$ cat structure36.cif   # mmCIF, C-alpha atoms and all ligand atoms
data_coords
loop_
_atom_site.label_atom_id
_atom_site.label_comp_id
_atom_site.auth_asym_id
_atom_site.auth_seq_id
_atom_site.Cartn_x
_atom_site.Cartn_y
_atom_site.Cartn_z
CA MET S 1010 31.81 3.85 8.64
CA ILE S 1011 31.83 1.23 5.93
CA SER S 1012 34.81 1.55 3.62
CA ARG S 1013 35.47 -2.03 2.45
CA VAL S 1014 32.85 -3.72 0.30
CA ALA S 1015 32.74 -7.11 -1.40
CA ILE S 1016 30.89 -7.78 -4.66
CA ILE S 1017 29.88 -11.40 -5.24
CA GLY S 1018 28.92 -11.98 -8.87
CA THR S 1019 30.02 -9.33 -11.36
CA GLY S 1020 27.44 -9.62 -14.16
CA VAL S 1021 25.13 -6.77 -15.16
CA ILE S 1022 24.16 -5.80 -11.61
CA GLY S 1023 27.39 -6.65 -9.78
CA ALA S 1024 29.51 -4.59 -12.19
CA SER S 1025 27.18 -1.62 -11.87
CA TRP S 1026 27.24 -1.85 -8.04
CA ALA S 1027 31.04 -2.07 -8.18
CA ALA S 1028 31.19 1.16 -10.19
CA CYS S 1029 28.78 2.81 -7.75
CA PHE S 1030 30.81 1.81 -4.66
CA LEU S 1031 34.10 2.84 -6.30
CA ALA S 1032 32.64 6.24 -7.24
CA HIS S 1033 31.86 6.76 -3.56
CA GLY S 1034 35.49 6.18 -2.65
CA LEU S 1035 35.04 2.67 -1.22
CA GLU S 1036 37.50 -0.18 -1.59
CA VAL S 1037 35.91 -2.98 -3.58
CA VAL S 1038 36.94 -6.63 -3.68
CA ALA S 1039 35.03 -8.64 -6.29
CA THR S 1040 34.71 -12.24 -7.38
CA ASP S 1041 32.90 -14.17 -10.11
CA PRO S 1042 33.61 -17.70 -11.37
CA ALA S 1043 33.00 -16.95 -15.07
CA ALA S 1044 35.95 -17.08 -17.48
CA GLY S 1045 37.14 -13.56 -18.31
CA ALA S 1046 35.07 -12.05 -15.49
CA GLU S 1047 37.81 -9.73 -14.22
CA ALA S 1048 38.43 -8.16 -17.62
CA ALA S 1049 34.69 -7.81 -18.24
CA LEU S 1050 34.24 -6.16 -14.83
CA ARG S 1051 37.06 -3.68 -15.38
CA GLN S 1052 35.64 -2.86 -18.81
CA ALA S 1053 32.15 -2.32 -17.38
CA VAL S 1054 33.47 -0.07 -14.60
CA ALA S 1055 35.40 1.98 -17.18
CA ALA S 1056 32.25 2.28 -19.31
CA HIS S 1057 30.19 3.46 -16.30
CA TRP S 1058 32.85 5.87 -15.01
CA PRO S 1059 32.16 8.95 -17.22
CA ALA S 1060 28.51 9.03 -16.08
CA LEU S 1061 29.61 8.73 -12.45
CA GLU S 1062 32.21 11.46 -12.97
CA SER S 1063 29.54 13.74 -14.37
CA LEU S 1064 27.38 13.13 -11.27
CA GLY S 1065 30.38 13.84 -9.02
CA LEU S 1066 32.96 11.46 -7.51
CA ALA S 1067 33.79 11.20 -3.80
CA PRO S 1068 37.29 12.35 -2.80
CA GLY S 1069 39.75 9.55 -3.48
CA ALA S 1070 37.34 7.63 -5.70
CA SER S 1071 39.14 5.56 -8.30
CA PRO S 1072 38.60 2.46 -10.42
CA ASN S 1073 42.04 1.40 -9.13
CA ARG S 1074 40.55 0.64 -5.73
CA LEU S 1075 39.00 -2.47 -7.29
CA ARG S 1076 40.62 -5.82 -6.55
CA PHE S 1077 39.47 -9.08 -8.16
CA VAL S 1078 39.96 -12.36 -6.29
CA ALA S 1079 39.33 -16.00 -7.09
CA SER S 1080 36.83 -17.03 -4.40
CA PRO S 1081 33.90 -15.69 -2.38
CA GLU S 1082 35.89 -16.50 0.79
CA ALA S 1083 38.78 -14.27 -0.31
CA ALA S 1084 36.37 -11.53 -1.40
CA VAL S 1085 34.60 -11.24 1.95
CA ALA S 1086 37.57 -11.93 4.25
CA GLU S 1087 37.90 -8.25 5.24
CA ALA S 1088 34.56 -6.91 4.04
CA GLN S 1089 32.28 -4.74 6.14
CA PHE S 1090 29.46 -4.96 3.60
CA VAL S 1091 28.82 -7.69 1.02
CA GLN S 1092 26.62 -7.09 -2.03
CA GLU S 1093 25.66 -10.43 -3.59
CA ASN S 1094 24.62 -10.49 -7.25
CA ALA S 1095 24.81 -14.15 -8.20
CA PRO S 1096 22.31 -15.75 -10.62
CA GLU S 1097 18.66 -15.78 -9.59
CA GLN S 1098 18.56 -19.44 -8.54
CA LEU S 1099 17.68 -20.43 -5.01
CA GLU S 1100 20.16 -23.31 -4.81
CA VAL S 1101 23.00 -21.06 -6.02
CA LYS S 1102 22.13 -18.44 -3.42
CA ARG S 1103 21.82 -21.02 -0.61
CA ALA S 1104 25.21 -22.58 -1.35
CA LEU S 1105 26.80 -19.17 -1.63
CA TYR S 1106 25.34 -17.78 1.62
CA ALA S 1107 26.63 -20.77 3.57
CA ARG S 1108 30.12 -19.91 2.30
CA LEU S 1109 29.79 -16.13 2.71
CA ASP S 1110 28.54 -16.52 6.28
CA ALA S 1111 31.39 -18.85 7.19
CA ALA S 1112 34.06 -16.55 5.75
CA ALA S 1113 32.90 -12.96 6.39
CA PRO S 1114 33.69 -11.14 9.64
CA ALA S 1115 30.76 -11.56 12.07
CA GLU S 1116 29.81 -7.88 11.91
CA ALA S 1117 29.72 -7.67 8.08
CA LEU S 1118 26.29 -7.26 6.51
CA LEU S 1119 25.32 -9.64 3.69
CA ALA S 1120 22.96 -7.93 1.21
CA SER S 1121 21.32 -9.68 -1.72
CA SER S 1122 20.35 -7.98 -4.98
CA THR S 1123 17.75 -10.67 -5.58
CA SER S 1124 14.70 -9.54 -7.58
CA THR S 1125 12.35 -12.41 -6.84
CA ILE S 1126 13.71 -14.64 -4.06
CA MET S 1127 12.88 -13.91 -0.44
CA VAL S 1128 15.69 -13.58 2.10
CA SER S 1129 13.90 -16.16 4.33
CA GLU S 1130 14.38 -18.71 1.57
CA PHE S 1131 18.19 -18.67 1.79
CA GLN S 1132 19.33 -17.00 5.02
CA ASP S 1133 18.89 -20.24 7.00
CA ALA S 1134 21.78 -21.64 4.96
CA CYS S 1135 23.96 -19.39 7.14
CA ALA S 1136 25.10 -21.54 10.07
CA HIS S 1137 26.64 -18.69 12.03
CA HIS S 1138 24.97 -15.28 11.68
CA PRO S 1139 21.77 -15.48 9.63
CA GLY S 1140 20.58 -12.29 11.34
CA ARG S 1141 22.90 -10.14 9.18
CA VAL S 1142 21.38 -11.20 5.85
CA VAL S 1143 19.26 -8.48 4.23
CA LEU S 1144 17.65 -7.63 0.93
CA GLY S 1145 19.43 -4.83 -0.97
CA HIS S 1146 17.54 -4.88 -4.24
CA PRO S 1147 18.65 -2.20 -6.69
CA PHE S 1148 17.10 -0.96 -9.89
CA ASN S 1149 19.12 -1.44 -13.02
CA PRO S 1150 21.58 0.21 -13.40
CA PRO S 1151 22.41 0.58 -9.70
CA HIS S 1152 25.23 3.03 -10.37
CA LEU S 1153 22.60 5.53 -11.59
CA ILE S 1154 19.16 4.65 -10.21
CA PRO S 1155 18.77 5.78 -6.59
CA LEU S 1156 16.12 3.28 -5.45
CA VAL S 1157 17.23 0.34 -3.28
CA GLU S 1158 14.65 -1.93 -1.63
CA VAL S 1159 15.81 -3.07 1.79
CA GLY S 1160 14.25 -5.61 4.12
CA GLY S 1161 14.86 -8.70 6.16
CA GLY S 1162 13.77 -12.29 6.33
CA ARG S 1163 12.40 -14.26 9.27
CA LEU S 1164 15.84 -14.47 10.93
CA THR S 1165 17.12 -10.97 10.11
CA SER S 1166 17.82 -8.65 13.03
CA PRO S 1167 16.03 -5.27 12.80
CA ALA S 1168 19.41 -3.62 13.46
CA ALA S 1169 20.86 -5.18 10.30
CA VAL S 1170 18.06 -3.70 8.22
CA GLN S 1171 18.64 -0.27 9.77
CA ARG S 1172 22.40 -0.51 9.16
CA ALA S 1173 21.83 -1.42 5.51
CA LEU S 1174 19.39 1.49 5.08
CA GLY S 1175 22.00 3.82 6.59
CA PHE S 1176 24.76 2.47 4.36
CA TYR S 1177 22.76 2.98 1.16
CA ARG S 1178 21.59 6.42 2.30
CA GLY S 1179 25.22 7.38 2.87
CA LEU S 1180 25.88 6.57 -0.80
CA GLY S 1181 23.18 9.05 -1.83
CA LYS S 1182 20.73 6.25 -2.60
CA GLN S 1183 17.01 6.43 -1.84
CA PRO S 1184 16.43 3.18 0.04
CA ILE S 1185 12.94 2.12 1.04
CA GLU S 1186 12.17 -0.33 3.84
CA LEU S 1187 10.03 -3.40 3.20
CA LYS S 1188 8.24 -4.19 6.43
CA GLN S 1189 7.40 -7.68 5.22
CA GLU S 1190 8.63 -10.01 2.50
CA ILE S 1191 6.62 -10.20 -0.68
CA ARG S 1192 7.41 -11.79 -4.06
CA GLY S 1193 8.91 -9.13 -6.34
CA HIS S 1194 9.24 -6.54 -3.55
CA VAL S 1195 7.51 -3.18 -4.22
CA ALA S 1196 8.72 -1.39 -7.34
CA ASN S 1197 8.65 -4.44 -9.62
CA ARG S 1198 5.13 -5.25 -8.46
CA LEU S 1199 4.07 -1.70 -9.34
CA GLN S 1200 5.70 -2.07 -12.75
CA ALA S 1201 4.07 -5.48 -13.18
CA ALA S 1202 0.62 -3.97 -12.69
CA LEU S 1203 1.30 -1.49 -15.48
CA TRP S 1204 2.82 -4.08 -17.83
CA GLN S 1205 -0.13 -6.38 -17.35
CA GLU S 1206 -2.56 -3.71 -18.47
CA ALA S 1207 -0.27 -2.59 -21.34
CA PHE S 1208 -0.31 -6.14 -22.76
CA ASN S 1209 -4.04 -6.37 -22.10
CA LEU S 1210 -4.68 -3.19 -24.10
CA VAL S 1211 -2.62 -4.50 -27.03
CA ARG S 1212 -4.43 -7.84 -26.88
CA ALA S 1213 -7.81 -6.09 -26.89
CA GLY S 1214 -6.71 -3.97 -29.87
CA VAL S 1215 -7.33 -0.70 -28.03
CA ALA S 1216 -4.14 1.04 -29.20
CA SER S 1217 -0.86 0.27 -30.94
CA VAL S 1218 2.31 -0.67 -29.06
CA ALA S 1219 3.84 2.68 -30.03
CA ASP S 1220 0.81 4.64 -28.80
CA ILE S 1221 0.79 2.78 -25.48
CA ASP S 1222 4.47 3.65 -25.06
CA THR S 1223 3.64 7.28 -25.91
CA ALA S 1224 0.80 7.26 -23.37
CA ILE S 1225 3.31 6.64 -20.59
CA ALA S 1226 6.54 8.26 -21.82
CA HIS S 1227 4.82 11.50 -22.88
CA GLY S 1228 2.08 11.36 -20.26
CA PRO S 1229 2.08 10.19 -16.64
CA GLY S 1230 5.65 8.90 -16.88
CA LEU S 1231 6.87 12.51 -16.91
CA ARG S 1232 5.21 13.20 -13.57
CA TRP S 1233 6.06 9.79 -12.11
CA ALA S 1234 9.74 10.60 -12.53
CA LEU S 1235 9.17 13.50 -10.13
CA LEU S 1236 6.52 12.35 -7.65
CA GLY S 1237 5.10 8.93 -6.80
CA PRO S 1238 1.56 7.71 -7.37
CA PHE S 1239 0.14 8.99 -4.07
CA LEU S 1240 1.59 12.50 -4.32
CA ASN S 1241 0.40 12.72 -7.93
CA LEU S 1242 -3.11 11.79 -6.75
CA HIS S 1243 -2.83 14.33 -3.93
CA LEU S 1244 -2.15 17.05 -6.50
CA SER S 1245 -5.16 15.96 -8.58
CA GLY S 1246 -7.44 16.41 -5.57
CA GLY S 1247 -7.47 20.21 -5.77
CA PRO S 1248 -7.22 22.30 -2.60
CA GLY S 1249 -8.50 19.41 -0.41
CA GLY S 1250 -5.75 17.10 -1.67
CA ILE S 1251 -5.99 13.33 -1.71
CA GLY S 1252 -8.48 13.20 1.18
CA ALA S 1253 -11.01 15.28 -0.75
CA LEU S 1254 -10.44 13.19 -3.87
CA PHE S 1255 -11.90 10.08 -2.23
CA GLU S 1256 -15.22 11.95 -1.74
CA LYS S 1257 -15.55 12.96 -5.41
CA PRO S 1258 -17.58 11.00 -8.02
CA LEU S 1259 -14.40 10.60 -10.05
CA TRP S 1260 -12.98 8.38 -7.30
CA ALA S 1261 -15.78 5.80 -7.47
CA ALA S 1262 -15.35 5.76 -11.24
CA THR S 1263 -11.60 5.25 -10.82
CA GLU S 1264 -12.11 2.26 -8.55
CA ALA S 1265 -14.68 0.85 -10.97
CA MET S 1266 -11.95 1.01 -13.63
CA TRP S 1267 -9.64 -1.10 -11.43
CA ARG S 1268 -12.23 -3.88 -11.52
CA ASP S 1269 -12.24 -3.65 -15.31
CA LEU S 1270 -8.46 -4.17 -15.71
CA GLY S 1271 -7.48 -7.29 -17.57
CA THR S 1272 -5.29 -10.23 -16.67
CA VAL S 1273 -3.48 -11.56 -19.68
CA ARG S 1274 -1.15 -14.37 -20.70
CA VAL S 1275 1.47 -13.41 -23.25
CA ASP S 1276 0.97 -16.32 -25.63
CA ALA S 1277 2.92 -16.73 -28.87
CA ALA S 1278 0.53 -14.57 -30.90
CA LEU S 1279 0.47 -11.69 -28.42
CA GLY S 1280 4.25 -11.88 -27.95
CA ALA S 1281 4.82 -11.76 -31.71
CA GLY S 1282 2.36 -8.88 -32.11
CA VAL S 1283 4.09 -6.84 -29.41
CA ALA S 1284 7.54 -7.59 -30.89
CA GLN S 1285 6.31 -6.40 -34.30
CA GLY S 1286 4.88 -3.30 -32.69
CA VAL S 1287 8.20 -2.51 -31.03
CA ALA S 1288 10.03 -3.01 -34.35
CA ALA S 1289 7.60 -0.60 -36.05
CA GLU S 1290 8.04 1.93 -33.25
CA LEU S 1291 11.82 1.78 -33.53
CA ALA S 1292 12.00 1.73 -37.35
CA PRO S 1293 12.39 5.52 -37.79
CA HIS S 1294 15.02 5.75 -35.02
CA ASP S 1295 18.70 4.94 -34.65
CA SER S 1296 18.73 2.54 -31.66
CA ALA S 1297 22.27 3.42 -30.56
CA GLU S 1298 21.44 7.12 -30.62
CA MET S 1299 18.18 6.46 -28.76
CA LEU S 1300 20.15 4.72 -26.00
CA ARG S 1301 22.72 7.51 -25.85
CA GLN S 1302 19.99 10.14 -25.55
CA ARG S 1303 18.09 8.08 -22.97
CA ASP S 1304 21.22 7.95 -20.80
CA ALA S 1305 22.06 11.63 -21.30
CA VAL S 1306 18.53 12.75 -20.40
CA LEU S 1307 18.50 10.39 -17.39
CA LEU S 1308 21.77 11.91 -16.12
CA ALA S 1309 20.40 15.44 -16.58
CA LEU S 1310 17.22 14.43 -14.74
CA LEU S 1311 19.19 12.88 -11.87
CA ARG S 1312 21.18 16.10 -11.52
CA LEU S 1313 18.00 18.22 -11.59
CA LYS S 1314 16.29 15.99 -9.04
CA ALA S 1315 19.33 16.07 -6.74
CA ALA S 1316 19.18 19.88 -6.82
CA ALA S 1317 15.40 20.04 -6.26
CA GLY S 1318 15.29 19.71 -2.48
CA ALA S 1319 11.51 20.18 -2.20
CA LEU S 1320 10.76 17.05 -4.24
CA PRO S 1321 10.47 14.21 -1.68
N1 LIG B 1401 19.31 -7.53 -14.37
C1 LIG B 1401 18.49 -6.76 -13.68
O1 LIG B 1401 17.78 -5.89 -14.21
C2 LIG B 1401 18.42 -6.90 -12.17
C3 LIG B 1401 17.92 -5.83 -11.43
C4 LIG B 1401 17.93 -5.92 -10.03
C5 LIG B 1401 18.39 -7.05 -9.40
N2 LIG B 1401 18.86 -8.10 -10.15
C6 LIG B 1401 19.35 -9.28 -9.42
O2 LIG B 1401 20.78 -9.27 -9.45
C7 LIG B 1401 21.29 -10.60 -9.42
C8 LIG B 1401 22.24 -10.79 -10.60
O3 LIG B 1401 21.54 -10.54 -11.79
P1 LIG B 1401 22.28 -10.09 -13.14
O4 LIG B 1401 21.23 -9.54 -14.03
O5 LIG B 1401 23.48 -9.25 -12.81
O6 LIG B 1401 22.74 -11.51 -13.69
P2 LIG B 1401 24.03 -11.85 -14.60
O7 LIG B 1401 23.75 -13.17 -15.19
O8 LIG B 1401 24.37 -10.70 -15.48
O9 LIG B 1401 25.21 -11.99 -13.53
C9 LIG B 1401 25.32 -13.06 -12.62
C10 LIG B 1401 26.79 -13.29 -12.39
O10 LIG B 1401 26.96 -14.23 -11.33
C11 LIG B 1401 28.07 -15.06 -11.67
N3 LIG B 1401 27.99 -16.28 -10.88
C12 LIG B 1401 27.56 -17.52 -11.27
N4 LIG B 1401 27.66 -18.38 -10.22
C13 LIG B 1401 28.19 -17.68 -9.18
C14 LIG B 1401 28.56 -18.01 -7.86
N5 LIG B 1401 28.39 -19.25 -7.38
N6 LIG B 1401 29.10 -17.04 -7.08
C15 LIG B 1401 29.26 -15.79 -7.55
N7 LIG B 1401 28.91 -15.41 -8.79
C16 LIG B 1401 28.38 -16.34 -9.59
C17 LIG B 1401 27.94 -15.27 -13.15
O11 LIG B 1401 29.18 -15.67 -13.70
C18 LIG B 1401 27.50 -13.88 -13.61
O12 LIG B 1401 28.61 -13.06 -13.94
C19 LIG B 1401 20.06 -11.53 -9.45
O13 LIG B 1401 19.76 -11.94 -8.15
C20 LIG B 1401 18.97 -10.63 -10.01
O14 LIG B 1401 17.68 -10.99 -9.56
C21 LIG B 1401 18.90 -8.05 -11.52
#
$ encode --input "structure36.cif" --output "structure tokens" --more "lines below"
Ligand SMILES: NC(=O)c1ccc[n+]([C@@H]2O[C@H](COP(=O)([O-])OP(=O)(O)OC[C@H]3O[C@@H](n4cnc5c(N)ncnc54)[C@H](O)[C@@H]3O)[C@@H](O)[C@H]2O)c1
Amino acid sequence: MISRVAIIGTGVIGASWAACFLAHGLEVVATDPAAGAEAALRQAVAAHWPALESLGLAPGASPNRLRFVASPEAAVAEAQFVQENAPEQLEVKRALYARLDAAAPAEALLASSTSTIMVSEFQDACAHHPGRVVLGHPFNPPHLIPLVEVGGGRLTSPAAVQRALGFYRGLGKQPIELKQEIRGHVANRLQAALWQEAFNLVRAGVASVADIDTAIAHGPGLRWALLGPFLNLHLSGGPGGIGALFEKPLWAATEAMWRDLGTVRVDAALGAGVAQGVAAELAPHDSAEMLRQRDAVLLALLRLKAAAGALP
């Protein structure tokens, strides 16, 4: 059972992970070299706490189980699991992993939140136990979003990946296993495909920024929050499900549409046009209230999904 966790880097993601681990009753030791980092971390944890309370705290969970220390070595000295959230720069990660590996107990797992760097690119900086370095990529904010992408690099032991999956599952997360390394992992690549076409549609003048947002947020996005792309397709296939769908004329037409999707560069003109579109979309709304309602609806949805056991 993992009960002592270290957080390395306490910016946006590290602070949110810290709140998540604390809410599950773990002891958290954190470090970050920035001036004022401890105060900022405690403030962020306090800000995240009401949402975590409303989702339900583990027995004994408390923000007081957070300790802040001055160095990565001190943070990991007694850790069983290390969640690294340092800046997205390969050289920073490499230098840090050499230190974490030298200072952490041999059996501690080292998990990186990295969004775009592959574990193989930095785990060889570990002179002692590179096999315990894994990917543990969350979705922002990790204290609320259940997805964690887990995988290994060339030197990672399969057992380390399985232990990390088990740890995140024990926190009520929904980890997925990446069977090979790929730039951007899985969920960000799926989002990237959608963003590319959204910009392409604006560039081509097909619809306004606001209408493209509506097309997702009031259309497929509602179902995608409940079931993934394949299960949604399965349900569009009628009684024969997804297998029957591939035999229908609609399927050939769907694949033809894939070949028609655009690739686009967001140059200055397109960027400015999209920014203007977003400003126009937001003009009738109070942004602070929009954020508050987004968070409240997300919490309600998380509670509903947790109670809906038949949704995979
Ligand atoms: N922001 C996101 O949406 C998001 C989502 C998922 C994953 N991530 C990943 O999480 C990691 C952190 O991203 P972020 O958005 O929290 O960045 P951030 O800039 O908010 O935080 C990075 C923190 O690391 C600290 N830091 C700098 N050098 C350090 C060092 N040598 N050791 C320890 N800490 C150090 C900084 O002071 C800062 O507080 C990145 O790898 C990023 O790819 C980010």
$ residues_near_ligand --input "structure36.cif" --ligand "ligand LIG 1401 (chain B)" --cutoff "9 Å" --atoms "all atoms listed in the file" --output "number ranges by chain"
S: 1016-1025, 1040-1044, 1046, 1050, 1080-1081, 1093-1098, 1101-1102, 1104-1105, 1121-1126, 1145-1151
$ atom_distance --input "structure36.cif" --atom1 "atom CA of S:Lys1182" --atom2 "atom CA of S:His1138"
26.2 Å
$ axis_aligned_box --input "structure36.cif" --around "stretch 1281-1289 of chain S" --padding-each-side "3 Å" --output "JSON"
{"center_x": 6.2, "center_y": -6.2, "center_z": -32.7, "size_x": 13.7, "size_y": 17.2, "size_z": 12.6}
$ residues_around --input "structure36.cif" --residues "stretch 1082-1092 of chain S" --least-positions-apart "2" --cutoff "9 Å" --atoms "only C-alpha atoms" --output "mmCIF file with C-alpha atoms, keeping the file's coordinate frame"
data_model
loop_
_atom_site.group_PDB
_atom_site.id
_atom_site.type_symbol
_atom_site.label_atom_id
_atom_site.label_comp_id
_atom_site.auth_asym_id
_atom_site.auth_seq_id
_atom_site.Cartn_x
_atom_site.Cartn_y
_atom_site.Cartn_z
ATOM 1 C CA MET S 1010 31.810 3.850 8.640
ATOM 2 C CA ILE S 1011 31.830 1.230 5.930
ATOM 3 C CA SER S 1012 34.810 1.550 3.620
ATOM 4 C CA ARG S 1013 35.470 -2.030 2.450
ATOM 5 C CA VAL S 1014 32.850 -3.720 0.300
ATOM 6 C CA ALA S 1015 32.740 -7.110 -1.400
ATOM 7 C CA ILE S 1016 30.890 -7.780 -4.660
ATOM 8 C CA ILE S 1017 29.880 -11.400 -5.240
ATOM 9 C CA GLY S 1018 28.920 -11.980 -8.870
ATOM 10 C CA GLY S 1023 27.390 -6.650 -9.780
ATOM 11 C CA TRP S 1026 27.240 -1.850 -8.040
ATOM 12 C CA VAL S 1037 35.910 -2.980 -3.580
ATOM 13 C CA VAL S 1038 36.940 -6.630 -3.680
ATOM 14 C CA ALA S 1039 35.030 -8.640 -6.290
ATOM 15 C CA THR S 1040 34.710 -12.240 -7.380
ATOM 16 C CA ARG S 1076 40.620 -5.820 -6.550
ATOM 17 C CA PHE S 1077 39.470 -9.080 -8.160
ATOM 18 C CA VAL S 1078 39.960 -12.360 -6.290
ATOM 19 C CA ALA S 1079 39.330 -16.000 -7.090
ATOM 20 C CA SER S 1080 36.830 -17.030 -4.400
ATOM 21 C CA ASN S 1094 24.620 -10.490 -7.250
ATOM 22 C CA ARG S 1108 30.120 -19.910 2.300
ATOM 23 C CA LEU S 1109 29.790 -16.130 2.710
ATOM 24 C CA ALA S 1111 31.390 -18.850 7.190
ATOM 25 C CA ALA S 1112 34.060 -16.550 5.750
ATOM 26 C CA ALA S 1113 32.900 -12.960 6.390
ATOM 27 C CA PRO S 1114 33.690 -11.140 9.640
ATOM 28 C CA GLU S 1116 29.810 -7.880 11.910
ATOM 29 C CA ALA S 1117 29.720 -7.670 8.080
ATOM 30 C CA LEU S 1118 26.290 -7.260 6.510
ATOM 31 C CA LEU S 1119 25.320 -9.640 3.690
ATOM 32 C CA ALA S 1120 22.960 -7.930 1.210
ATOM 33 C CA SER S 1121 21.320 -9.680 -1.720
ATOM 34 C CA SER S 1122 20.350 -7.980 -4.980
ATOM 35 C CA GLY S 1145 19.430 -4.830 -0.970
ATOM 36 C CA ALA S 1173 21.830 -1.420 5.510
ATOM 37 C CA PHE S 1176 24.760 2.470 4.360
#
$ atom_distance --input "structure36.cif" --atom1 "atom CA of S:His1057" --atom2 "atom CA of S:Leu1153"
9.2 Å
$ atom_distance --input "structure36.cif" --atom1 "atom CA of S:Leu1307" --atom2 "atom CA of S:Trp1233"
13.5 Å
$ closest_residue --input "structure36.cif" --among "S:Leu1031, S:Arg1178, S:Ala1060, S:Gly1045" --to "S:Asn1073" --atoms "only C-alpha atoms"
S:Leu1031
$ residues_around --input "structure36.cif" --residues "stretch 1199-1210 of chain S" --least-positions-apart "5" --cutoff "10 Å" --atoms "all atoms listed in the file" --output "ChimeraX atom specification"
/S:1193-1194,1215-1218,1221-1222,1225,1238,1270-1275,1279-1280,1283
$ closest_residue --input "structure36.cif" --among "S:Val1195, S:Leu1164, S:Pro1155, S:Ala1055" --to "S:Gly1179" --atoms "all atoms listed in the file"
S:Pro1155
$ residues_around --input "structure36.cif" --residues "stretch 1187-1189 of chain S" --least-positions-apart "3" --cutoff "12 Å" --atoms "all atoms listed in the file" --output "count of residues only"
25
$ closest_residue --input "structure36.cif" --among "S:Pro1293, S:Ser1245, S:Ala1169, S:Gly1318" --to "S:Ala1115" --atoms "all atoms listed in the file"
S:Ala1169
$ closest_residue --input "structure36.cif" --among "S:Arg1141, S:Ala1317, S:Ala1056, S:Leu1061" --to "S:Leu1236" --atoms "only C-alpha atoms"
S:Ala1317
$ closest_residue --input "structure36.cif" --among "S:Ala1067, S:Ala1134, S:Leu1320, S:Ala1288" --to "S:Glu1100" --atoms "only C-alpha atoms"
S:Ala1134
$ residues_around --input "structure36.cif" --residues "S:Trp1058" --least-positions-apart "3" --cutoff "12 Å" --atoms "only C-alpha atoms" --output "NGL selection string"
:S and (1024-1033 or 1051-1055 or 1061-1066 or 1070-1073 or 1152-1153)
$ closest_residue --input "structure36.cif" --among "S:Leu1035, S:Ala1315, S:Ala1262, S:Met1299" --to "S:Gln1183" --atoms "all atoms listed in the file"
S:Ala1315
